[in-house]
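Trainee: Enclosed is the structure file run-v5.cif (mmCIF, C-alpha atoms).
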```
data_input
#
loop_
_atom_site.label_atom_id
_atom_site.label_comp_id
_atom_site.auth_asym_id
_atom_site.auth_seq_id
_atom_site.Cartn_x
_atom_site.Cartn_y
_atom_site.Cartn_z
CA MET C 1 30.49 -10.40 -19.31
CA ASP C 2 29.35 -13.43 -17.29
CA VAL C 3 25.95 -12.82 -15.67
CA LEU C 4 24.58 -15.34 -13.20
CA ILE C 5 20.89 -15.41 -12.31
CA ALA C 6 20.05 -17.29 -9.11
CA GLY C 7 16.44 -18.38 -9.36
CA GLY C 8 14.04 -19.64 -12.00
CA GLY C 9 10.89 -17.84 -10.91
CA VAL C 10 9.06 -14.79 -12.23
CA ALA C 11 11.79 -12.25 -11.40
CA GLY C 12 14.67 -14.45 -12.55
CA LEU C 13 13.12 -15.28 -15.91
CA GLU C 14 11.97 -11.71 -16.55
CA ALA C 15 15.63 -10.72 -16.02
CA LEU C 16 16.94 -13.55 -18.19
CA LEU C 17 14.82 -12.66 -21.20
CA GLY C 18 15.23 -8.92 -20.62
CA LEU C 19 19.02 -9.04 -20.38
CA ARG C 20 19.28 -10.94 -23.64
CA GLU C 21 17.07 -8.38 -25.36
CA VAL C 22 18.73 -5.33 -23.79
CA ALA C 23 22.39 -6.38 -23.58
CA GLY C 24 22.55 -8.83 -26.49
CA GLU C 25 25.88 -10.57 -27.00
CA ARG C 26 27.56 -8.38 -24.38
CA VAL C 27 26.47 -10.91 -21.75
CA GLN C 28 26.83 -14.65 -21.26
CA LEU C 29 23.85 -15.82 -19.21
CA THR C 30 23.57 -18.66 -16.71
CA VAL C 31 20.51 -19.56 -14.65
CA VAL C 32 20.99 -21.52 -11.42
CA ALA C 33 17.72 -22.94 -10.09
CA PRO C 34 16.82 -25.92 -7.88
CA ASP C 35 13.86 -26.96 -10.04
CA PRO C 36 14.17 -27.81 -13.77
CA ASP C 37 10.75 -26.27 -14.40
CA PHE C 38 9.24 -22.82 -14.02
CA THR C 39 5.83 -23.09 -12.37
CA TYR C 40 3.34 -20.48 -13.52
CA ARG C 41 1.48 -20.27 -10.20
CA PRO C 42 -1.13 -17.48 -10.41
CA MET C 43 -3.86 -19.85 -11.61
CA ALA C 44 -3.11 -22.47 -8.91
CA VAL C 45 -5.87 -20.96 -6.74
CA ALA C 46 -8.40 -22.15 -9.35
CA GLU C 47 -7.29 -25.81 -9.29
CA PRO C 48 -9.67 -27.04 -6.54
CA PHE C 49 -12.56 -25.57 -8.54
CA ALA C 50 -11.45 -27.21 -11.83
CA VAL C 51 -11.34 -23.87 -13.68
CA GLY C 52 -7.58 -23.46 -14.02
CA GLN C 53 -4.27 -24.87 -12.95
CA ALA C 54 -0.64 -24.03 -12.43
CA ARG C 55 1.40 -24.65 -15.56
CA ARG C 56 4.94 -26.03 -15.60
CA VAL C 57 7.40 -24.84 -18.24
CA PRO C 58 10.86 -26.44 -18.67
CA LEU C 59 13.53 -23.87 -17.84
CA SER C 60 15.56 -25.29 -20.70
CA ASP C 61 12.93 -24.08 -23.18
CA ILE C 62 13.09 -20.49 -21.93
CA ALA C 63 16.88 -20.57 -21.55
CA ALA C 64 17.32 -21.87 -25.10
CA ASP C 65 15.54 -18.82 -26.52
CA ALA C 66 17.77 -16.59 -24.36
CA GLY C 67 20.95 -18.46 -25.30
CA ALA C 68 21.56 -19.26 -21.64
CA GLU C 69 23.00 -22.17 -19.69
CA VAL C 70 20.87 -23.83 -17.00
CA VAL C 71 22.39 -25.29 -13.84
CA ILE C 72 20.03 -27.30 -11.62
CA ASP C 73 21.27 -26.34 -8.18
CA ALA C 74 20.74 -23.66 -5.55
CA VAL C 75 22.88 -20.71 -4.54
CA VAL C 76 23.51 -20.85 -0.79
CA GLY C 77 26.38 -18.36 -0.44
CA VAL C 78 27.67 -15.26 -2.23
CA ASP C 79 31.13 -13.66 -2.20
CA ASP C 80 30.51 -10.41 -4.03
CA ALA C 81 34.12 -9.21 -3.79
CA ALA C 82 35.47 -12.43 -5.28
CA GLY C 83 32.65 -12.71 -7.81
CA GLN C 84 31.73 -16.23 -6.76
CA VAL C 85 28.69 -18.13 -5.51
CA ARG C 86 28.62 -21.31 -3.48
CA LEU C 87 26.12 -23.98 -4.52
CA ALA C 88 24.12 -26.42 -2.45
CA SER C 89 25.90 -29.29 -4.22
CA GLY C 90 29.23 -28.02 -2.89
CA GLY C 91 30.48 -26.49 -6.12
CA THR C 92 31.10 -22.85 -7.01
CA ARG C 93 30.40 -20.59 -10.00
CA SER C 94 32.07 -17.31 -10.93
CA PHE C 95 30.30 -14.19 -12.11
CA ASP C 96 30.90 -10.63 -13.25
CA ALA C 97 27.35 -9.67 -12.25
CA LEU C 98 24.82 -11.57 -10.16
CA LEU C 99 21.06 -11.26 -9.83
CA VAL C 100 19.61 -13.05 -6.81
CA ALA C 101 15.99 -13.94 -7.54
CA ALA C 102 15.73 -16.91 -5.22
CA GLY C 103 12.20 -16.05 -4.11
CA ALA C 104 10.75 -16.52 -0.64
CA ARG C 105 10.11 -19.66 1.36
CA ALA C 106 6.47 -20.35 2.21
CA VAL C 107 5.83 -21.53 5.77
CA GLN C 108 2.69 -22.25 7.77
CA GLY C 109 0.87 -19.01 8.56
CA VAL C 110 -1.62 -20.22 11.19
CA GLU C 111 -0.84 -23.17 13.42
CA GLY C 112 -3.31 -26.02 12.95
CA ALA C 113 -4.95 -24.51 9.87
CA THR C 114 -5.14 -26.07 6.42
CA THR C 115 -2.54 -24.12 4.43
CA TRP C 116 -3.16 -23.29 0.80
CA TRP C 117 0.23 -23.75 -0.88
CA PRO C 118 0.54 -21.99 -4.26
CA GLY C 119 1.42 -24.51 -6.93
CA GLY C 120 1.12 -27.30 -4.38
CA ASP C 121 -1.35 -30.14 -3.97
CA ALA C 122 -4.92 -28.97 -4.50
CA GLU C 123 -6.34 -32.06 -2.76
CA PRO C 124 -6.55 -30.67 0.82
CA PHE C 125 -8.77 -27.81 -0.32
CA GLY C 126 -10.64 -30.20 -2.59
CA GLY C 127 -11.37 -32.27 0.53
CA LEU C 128 -12.80 -29.18 2.21
CA LEU C 129 -15.10 -28.60 -0.78
CA ARG C 130 -16.29 -32.21 -0.49
CA ASP C 131 -17.03 -31.63 3.22
CA ILE C 132 -19.12 -28.61 2.23
CA GLU C 133 -20.92 -30.65 -0.42
CA GLU C 134 -21.74 -33.39 2.10
CA GLY C 135 -22.90 -30.86 4.70
CA TYR C 136 -20.13 -31.44 7.25
CA SER C 137 -18.62 -27.93 7.13
CA LYS C 138 -20.87 -24.91 7.56
CA ARG C 139 -18.56 -22.31 9.13
CA LEU C 140 -15.24 -21.58 7.42
CA ALA C 141 -12.55 -18.94 8.02
CA ILE C 142 -9.95 -18.02 5.42
CA VAL C 143 -7.05 -16.22 7.06
CA VAL C 144 -4.36 -13.82 5.90
CA PRO C 145 -1.58 -14.22 8.50
CA PRO C 146 0.65 -11.36 9.68
CA GLY C 147 3.99 -10.74 8.02
CA ALA C 148 5.04 -11.06 4.40
CA VAL C 149 2.27 -12.85 2.49
CA TRP C 150 0.50 -13.19 -0.85
CA PRO C 151 -2.93 -11.85 0.23
CA LEU C 152 -4.84 -12.01 -3.07
CA PRO C 153 -5.47 -15.80 -3.06
CA ALA C 154 -7.27 -15.57 0.30
CA TYR C 155 -9.95 -13.36 -1.22
CA GLU C 156 -10.18 -15.48 -4.35
CA LEU C 157 -10.56 -18.68 -2.31
CA ALA C 158 -13.30 -17.08 -0.20
CA ILE C 159 -15.30 -15.76 -3.14
CA MET C 160 -14.94 -18.92 -5.22
CA THR C 161 -15.76 -21.18 -2.26
CA ALA C 162 -18.92 -19.20 -1.55
CA GLY C 163 -19.95 -19.57 -5.17
CA GLU C 164 -19.17 -23.28 -5.14
CA ALA C 165 -21.24 -23.80 -1.99
CA ARG C 166 -24.26 -22.13 -3.58
CA GLU C 167 -23.89 -24.22 -6.73
CA LEU C 168 -23.83 -27.33 -4.52
CA GLY C 169 -27.15 -26.23 -3.00
CA HIS C 170 -25.80 -25.06 0.35
CA ASP C 171 -26.93 -21.49 1.06
CA ASP C 172 -26.18 -21.74 4.77
CA VAL C 173 -22.36 -21.92 4.55
CA GLN C 174 -20.78 -19.00 6.42
CA ILE C 175 -17.38 -17.86 5.17
CA THR C 176 -15.26 -15.22 6.93
CA VAL C 177 -12.02 -13.64 5.74
CA VAL C 178 -9.76 -12.51 8.59
CA THR C 179 -6.87 -10.20 7.75
CA PRO C 180 -4.48 -7.83 9.56
CA GLU C 181 -4.92 -5.35 6.69
CA ARG C 182 -6.84 -2.17 7.43
CA SER C 183 -9.19 -3.00 4.56
CA ALA C 184 -9.45 -5.68 1.90
CA LEU C 185 -6.34 -5.54 -0.30
CA SER C 186 -5.50 -2.16 1.20
CA VAL C 187 -2.17 -1.92 -0.64
CA PHE C 188 -4.08 -1.53 -3.90
CA GLY C 189 -5.59 1.69 -2.61
CA PRO C 190 -9.09 2.74 -1.56
CA ASP C 191 -10.88 2.20 -4.89
CA ALA C 192 -9.63 -1.36 -5.36
CA SER C 193 -10.20 -2.08 -1.69
CA ALA C 194 -13.79 -0.93 -2.01
CA ALA C 195 -14.19 -3.08 -5.12
CA ALA C 196 -12.84 -6.14 -3.29
CA ALA C 197 -15.16 -5.48 -0.33
CA GLU C 198 -18.07 -5.15 -2.76
CA GLU C 199 -17.25 -8.51 -4.32
CA LEU C 200 -17.02 -10.15 -0.89
CA GLU C 201 -20.39 -8.72 0.09
CA ARG C 202 -21.89 -9.86 -3.21
CA ALA C 203 -20.61 -13.36 -2.50
CA GLY C 204 -21.98 -13.30 1.06
CA VAL C 205 -18.52 -13.42 2.62
CA ARG C 206 -17.95 -11.65 5.93
CA LEU C 207 -14.76 -9.57 6.25
CA VAL C 208 -12.86 -8.96 9.53
CA THR C 209 -9.98 -6.49 9.15
CA GLY C 210 -7.22 -5.35 11.47
CA ALA C 211 -7.14 -8.74 13.17
CA VAL C 212 -4.49 -11.41 13.65
CA ALA C 213 -6.03 -14.88 13.94
CA THR C 214 -4.67 -17.74 16.05
CA ARG C 215 -6.24 -21.08 16.92
CA ALA C 216 -8.26 -20.85 20.13
CA ALA C 217 -8.31 -23.47 22.86
CA GLY C 218 -11.29 -25.71 22.31
CA GLY C 219 -11.64 -24.79 18.64
CA GLY C 220 -12.32 -21.76 16.51
CA LEU C 221 -10.13 -18.67 16.24
CA SER C 222 -8.97 -16.02 18.67
CA LEU C 223 -8.65 -12.54 17.19
CA ASP C 224 -5.90 -10.20 18.35
CA PRO C 225 -5.92 -7.41 19.54
CA SER C 226 -9.69 -7.37 20.18
CA GLY C 227 -9.74 -10.70 22.03
CA ASP C 228 -12.90 -11.71 20.15
CA ARG C 229 -13.51 -15.33 19.29
CA LEU C 230 -14.66 -16.60 15.92
CA ASP C 231 -16.67 -19.82 16.05
CA VAL C 232 -15.67 -21.76 12.94
CA GLN C 233 -15.34 -25.44 12.08
CA ARG C 234 -12.59 -25.20 9.49
CA VAL C 235 -9.69 -22.76 9.02
CA VAL C 236 -7.74 -22.22 5.81
CA ALA C 237 -4.75 -19.86 5.66
CA VAL C 238 -2.45 -18.59 2.97
CA PRO C 239 1.20 -19.15 3.90
CA ARG C 240 3.55 -16.68 5.51
CA LEU C 241 6.80 -15.95 3.69
CA VAL C 242 10.40 -15.85 4.89
CA GLY C 243 13.45 -14.80 2.94
CA PRO C 244 16.04 -17.06 1.25
CA ALA C 245 18.70 -16.30 3.92
CA ILE C 246 21.69 -16.57 1.59
CA GLU C 247 25.05 -16.43 3.33
CA GLY C 248 27.10 -13.35 2.44
CA LEU C 249 24.14 -11.11 1.55
CA ALA C 250 22.79 -8.37 3.82
CA ALA C 251 19.40 -9.49 5.11
CA ASP C 252 16.83 -8.69 7.77
CA ASP C 253 15.82 -10.87 10.72
CA GLU C 254 13.58 -13.04 8.53
CA GLY C 255 16.16 -13.65 5.82
CA PHE C 256 14.90 -11.10 3.26
CA VAL C 257 17.71 -9.56 1.20
CA LEU C 258 18.30 -5.83 1.74
CA THR C 259 18.59 -3.74 -1.43
CA GLY C 260 18.78 -0.10 -2.47
CA GLU C 261 16.44 1.69 -4.86
CA ASP C 262 18.67 0.59 -7.75
CA GLY C 263 18.16 -3.05 -6.80
CA ARG C 264 21.76 -3.54 -5.74
CA VAL C 265 22.27 -5.56 -2.55
CA GLN C 266 23.47 -3.44 0.37
CA GLY C 267 27.26 -3.58 0.68
CA ALA C 268 27.70 -5.24 -2.73
CA SER C 269 29.18 -3.83 -5.92
CA ARG C 270 28.01 -6.36 -8.52
CA THR C 271 25.12 -8.22 -6.92
CA TRP C 272 21.48 -7.26 -7.42
CA ALA C 273 18.31 -8.85 -6.02
CA ALA C 274 14.67 -8.92 -7.11
CA GLY C 275 11.43 -10.73 -6.37
CA ASP C 276 9.73 -12.05 -3.26
CA GLY C 277 13.06 -12.70 -1.53
CA ILE C 278 13.90 -9.02 -1.02
CA ASP C 279 12.89 -6.93 1.97
CA SER C 280 9.58 -5.43 0.88
CA PRO C 281 6.18 -5.67 2.58
CA LEU C 282 4.50 -6.02 -0.83
CA LYS C 283 4.74 -9.37 -2.61
CA PHE C 284 3.20 -9.36 -6.09
CA GLY C 285 4.32 -10.73 -9.43
CA ALA C 286 4.11 -7.34 -11.15
CA LEU C 287 6.46 -5.85 -8.55
CA ALA C 288 8.85 -8.78 -8.99
CA THR C 289 9.07 -8.19 -12.74
CA HIS C 290 9.56 -4.46 -12.18
CA GLN C 291 12.37 -5.15 -9.70
CA ALA C 292 13.93 -7.43 -12.32
CA ARG C 293 13.83 -4.64 -14.89
CA VAL C 294 15.52 -2.28 -12.41
CA ALA C 295 18.30 -4.86 -12.08
CA ILE C 296 18.43 -5.32 -15.86
CA ALA C 297 19.20 -1.61 -16.26
CA GLY C 298 22.05 -1.74 -13.73
CA ILE C 299 23.60 -4.93 -15.10
CA ALA C 300 23.25 -3.73 -18.70
CA ARG C 301 25.13 -0.53 -17.86
CA LEU C 302 27.88 -2.63 -16.30
CA ALA C 303 28.02 -4.59 -19.56
CA GLY C 304 28.48 -1.40 -21.59
CA VAL C 305 24.90 -0.56 -22.62
CA GLU C 306 24.78 3.24 -22.57
CA ASP C 307 21.04 3.80 -22.41
CA PRO C 308 19.11 0.73 -21.16
CA PRO C 309 15.31 0.95 -21.02
CA ASP C 310 13.93 2.90 -18.09
CA PRO C 311 11.93 0.48 -15.90
CA GLY C 312 9.55 3.30 -14.98
CA GLU C 313 7.67 3.46 -11.71
CA PRO C 314 6.66 0.25 -9.94
CA VAL C 315 3.05 -0.63 -10.67
CA LEU C 316 0.95 -2.62 -8.24
CA GLU C 317 -1.59 -4.55 -10.28
CA GLY C 318 -3.45 -7.81 -10.29
CA ARG C 319 -6.59 -9.66 -11.27
CA LEU C 320 -9.12 -10.96 -8.77
CA LEU C 321 -10.67 -14.34 -9.66
CA LEU C 322 -14.36 -14.39 -8.79
CA GLY C 323 -15.48 -17.72 -10.16
CA THR C 324 -15.52 -19.82 -13.28
CA ARG C 325 -16.17 -17.03 -15.74
CA ARG C 326 -15.64 -13.67 -14.01
CA THR C 327 -12.62 -11.71 -12.99
CA ARG C 328 -12.27 -8.14 -11.84
CA ARG C 329 -9.36 -6.01 -12.84
CA LEU C 330 -7.38 -4.31 -10.07
CA ARG C 331 -4.52 -2.02 -10.89
CA GLY C 332 -2.26 0.12 -8.78
CA ASP C 333 -0.74 3.31 -10.07
CA GLY C 334 2.53 3.68 -11.93
CA ASP C 335 4.04 4.57 -15.26
CA GLY C 336 1.37 4.47 -17.95
CA GLU C 337 4.02 3.65 -20.52
CA GLY C 338 5.40 0.77 -18.45
CA ALA C 339 4.83 -2.95 -18.70
CA PRO C 340 1.60 -4.21 -20.32
CA LEU C 341 -1.12 -5.49 -18.05
CA TRP C 342 -1.45 -9.29 -18.26
CA TRP C 343 -0.06 -9.56 -21.79
CA PRO C 344 -2.26 -10.75 -23.42
CA GLN C 345 -4.03 -12.51 -20.56
CA GLY C 346 -3.13 -14.02 -17.23
CA LYS C 347 -2.21 -12.65 -13.82
CA VAL C 348 1.45 -11.61 -13.97
CA ALA C 349 2.44 -8.33 -15.61
CA GLY C 350 5.86 -7.86 -17.16
CA ALA C 351 7.71 -6.74 -20.26
CA TYR C 352 9.41 -10.03 -21.20
CA LEU C 353 8.25 -13.20 -19.42
CA PRO C 354 4.45 -12.84 -19.95
CA ARG C 355 5.11 -12.18 -23.65
CA TRP C 356 7.25 -15.34 -23.94
CA LEU C 357 4.61 -17.44 -22.16
CA ALA C 358 1.85 -16.18 -24.45
CA GLU C 359 3.87 -16.64 -27.62
CA HIS C 360 4.65 -20.24 -26.65
CA GLY C 361 1.12 -21.20 -25.66
CA PHE C 362 1.63 -21.28 -21.88
CA ALA C 363 -0.73 -18.43 -20.99
CA PRO C 364 -3.84 -19.52 -19.04
CA PRO C 365 -7.23 -19.82 -20.76
CA VAL C 366 -8.92 -16.49 -21.39
CA LEU C 367 -11.59 -15.72 -18.82
CA ALA C 368 -14.55 -13.43 -19.41
CA VAL C 369 -13.62 -10.06 -17.94
CA ASP C 370 -15.17 -6.67 -17.50
CA ALA C 371 -14.77 -4.39 -20.48
CA PRO C 372 -11.76 -2.06 -20.09
CA ASP C 373 -13.93 0.98 -19.48
CA GLU C 374 -15.65 -0.90 -16.64
CA GLY C 375 -12.42 -2.01 -15.00
CA ILE C 376 -10.87 -0.63 -11.86
CA GLU C 377 -8.13 1.86 -12.75
CA ILE C 378 -6.26 3.30 -9.78
CA ARG C 379 -3.83 6.13 -10.33
CA ARG C 380 -1.71 5.73 -7.24
CA PRO C 381 2.10 5.44 -7.32
CA VAL C 382 3.65 2.69 -5.23
CA ARG C 383 5.74 5.36 -3.53
CA GLU C 384 2.48 6.66 -2.04
CA LEU C 385 1.80 3.31 -0.38
CA ALA C 386 4.14 4.16 2.49
CA ASP C 387 1.35 4.32 5.08
CA GLU C 388 -0.06 0.88 4.19
CA ALA C 389 3.44 -0.59 3.86
CA GLN C 390 4.43 0.73 7.28
CA GLN C 391 1.30 -0.73 8.87
CA LEU C 392 2.06 -4.16 7.38
CA PHE C 393 5.70 -3.85 8.45
CA ASP C 394 4.66 -3.00 12.03
CA VAL C 395 2.37 -6.04 12.14
CA ARG C 396 5.14 -8.24 10.79
CA ARG C 397 7.55 -7.04 13.48
CA ARG C 398 4.96 -7.52 16.22
CA TYR C 399 4.24 -11.10 15.19
CA ARG C 400 7.65 -12.46 14.33
CA ILE C 401 7.97 -16.07 13.33
CA ALA C 402 9.19 -18.27 16.19
CA ASP C 403 11.90 -20.01 14.18
CA ALA C 404 15.23 -20.77 15.88
CA ASP C 405 17.11 -20.84 12.57
CA LEU C 406 15.76 -17.42 11.60
CA ALA C 407 16.52 -16.01 15.04
CA SER C 408 20.12 -17.18 14.66
CA LEU C 409 20.22 -15.67 11.18
CA GLY C 410 18.95 -12.35 12.52
CA ARG C 411 21.76 -12.21 15.07
CA GLN C 412 24.30 -12.97 12.32
CA MET C 413 22.89 -10.27 10.04
CA ARG C 414 22.92 -7.63 12.79
CA SER C 415 26.52 -8.57 13.55
CA MET C 416 27.45 -8.22 9.87
CA ARG C 417 25.90 -4.76 9.69
CA ARG C 418 27.79 -3.64 12.82
CA ASP C 419 31.07 -4.97 11.39
CA ARG C 420 30.59 -2.89 8.28
#
```
Mind converting the file's structure to structure tokens?
Mentor:
Amino acid sequence: MDVLIAGGGVAGLEALLGLREVAGERVQLTVVAPDPDFTYRPMAVAEPFAVGQARRVPLSDIAADAGAEVVIDAVVGVDDAAGQVRLASGGTRSFDALLVAAGARAVQGVEGATTWWPGGDAEPFGGLLRDIEEGYSKRLAIVVPPGAVWPLPAYELAIMTAGEARELGHDDVQITVVTPERSALSVFGPDASAAAAEELERAGVRLVTGAVATRAAGGGLSLDPSGDRLDVQRVVAVPRLVGPAIEGLAADDEGFVLTGEDGRVQGASRTWAAGDGIDSPLKFGALATHQARVAIAGIARLAGVEDPPDPGEPVLEGRLLLGTRRTRRLRGDGDGEGAPLWWPQGKVAGAYLPRWLAEHGFAPPVLAVDAPDEGIEIRRPVRELADEAQQLFDVRRRYRIADADLASLGRQMRSMRRDR
């Protein structure tokens, strides 16, 4: 059976390695990705502080171990009924089963702010650190924008910047994190949120929650809905995310692919989707690998595997970088027998990809961490995150991205749904 995987990120590669292990020779695997390398991005936040970096791994190396073909291109259209994808280069590829793991597109989250791009150039933030060292910047805001985002790096940047400022001899640098979340990292649950707030307080970082930040006339930030103003000299924001907007796939107004609980794309019979590009308010690597394993089970059954591994419950988990030698473990609830946590070290949980990275020497350097019995263990199923997810969804809808292309896409998607 010909299986096509669109995307060479965390979800796509977890599926690639997992399908080979689960379905064996029943499947012929092809990966279509625009970049010849997989970028291991979780450690990119440490680059400006010279304590870690994003690692690049040739897709061909991973594909060779999975016995897969690699096509450097991008899927821009899907015809599920015909079993065919259209490529950016103008060509087509056929499939018996398709997994769309194209990821999300990062866009500017706060107009006029310095945007921290994961896996991008660390120099802009490095320039900010030099301004702090030379005494030019004393008041800094780090902003989590509304909508679909990766929130964890904002807290890491704040804590690590505060530590860097102190090491440079500047105890008067004021750093504020502004977020629309009800509490710091609220989707991890109350215990992890309290732990994150504790770490911010320890670092001397102020936290403003339930606020959407925009640049104010004359400088600084305006906070909605309170109308308060935050007097800061520099603003750094993590990016906002929009979906891949692939023609032929059901999607929401911002281009995120709509799927069912089994990972299958709405209205499709042999197309699945996983990763940051699907319609979910929570964007974390561990969820992306879980979504990939859900798709693996469905595709493996289609290939004739009678009893594929149960992906278990989705587990929200992560690791908060606090500086050069400390991290704090944060874990959401889920199946205790599910994927290992950061196998054997790192920041992305999964059953297949993290293992491959570690076995081939691509895992990040081991950082000193709290002993397991001192870590933060949160027994809270993702299905119980409905309240936090709904709050984030409401904020996202209230502060839609003003993008003409996405607005046009939204009209097309609504028309498609009516036609069905």
Trainee: Can you tell me how far atom CA of C:Pro190 sits from atom CA of C:Arg166, in Å to one decimal?
Mentor: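 So the answer is 29.2 Å.
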Trainee: On this file, the PyMOL selection byres ((chain C and resi 304) around 12) gives some set of residues; write that set as a PyMOL selection string.
Mentor: chain C and resi 1+22-27+297-303+305-308
Trainee: Can you spell out as a VMD selection string the set of residues that the PyMOL selection byres ((chain C and resi 102) around 9) selects in the structure I just provided?
Mentor: chain C and resid 5 to 9 11 to 12 33 74 to 75 100 to 101 103 to 104 243 to 244 273 to 277
Trainee: Carefully work through the PyMOL selection byres ((chain C and resi 148) around 9) for this structure and note down the residues it includes, as a list in words.
Mentor: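 Matching residues under the PyMOL selection byres ((chain C and resi 148) around 9) are Pro145, Pro146, Gly147, Val149, Trp150, Pro239, Arg240, Leu241, Val242, Ser280, Pro281, Leu282, Lys283, Leu392, Phe393 and Arg396 of chain C.
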Trainee: So which residues touch C:Val78 within 7 Å, counting all atoms listed in the file, skipping near sequence neighbours fewer than 4 positions away, as a CSV table (one decimal) with C-alpha atoms, in the frame of the given file?
Mentor:
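Saved the output as part_8.csv:
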```
chain,number,residue,atom,x,y,z
C,84,GLN,CA,31.7,-16.2,-6.8
C,85,VAL,CA,28.7,-18.1,-5.5
C,86,ARG,CA,28.6,-21.3,-3.5
C,247,GLU,CA,25.0,-16.4,3.3
C,248,GLY,CA,27.1,-13.4,2.4
C,249,LEU,CA,24.1,-11.1,1.6
```
Trainee: For a quick check of understanding, using only C-alpha atoms, which of C:Gly67, C:Gly169, C:Pro153, C:Gly163 has the smallest distance to C:Ala184?
Mentor: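 Checking each of C:Gly67, C:Gly169, C:Pro153, C:Gly163 against C:Ala184, counting only C-alpha atoms, the winner is C:Pro153.
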Trainee: What gap, in Å, lies between atom CA of C:Leu16 and atom CA of C:Trp117?
Mentor: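 Going from atom CA of C:Leu16 over to atom CA of C:Trp117 covers 26.1 Å.
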Trainee: Atom CA of C:Ser94 and atom CA of C:Thr289 are how many Å apart?
Mentor: 24.8 Å
Trainee: Box for stretch 228-243 of chain C: with edges along x, y and z, all listed atoms inside and 3 Å added on each side, what are the centre and edge lengths in Å to one decimal, as AutoDock Vina command-line options?
Mentor:
```
--center_x -1.6 --center_y -18.6 --center_z 11.5 --size_x 36.1 --size_y 19.7 --size_z 23.2
```
Trainee: For C:Leu200, which residue among C:Ala286, C:Val177, C:Leu59, C:Ala292 is the nearest when counting all atoms listed in the file?
Mentor: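 Between C:Ala286, C:Val177, C:Leu59, C:Ala292, the residue approaching C:Leu200 most closely is C:Val177.
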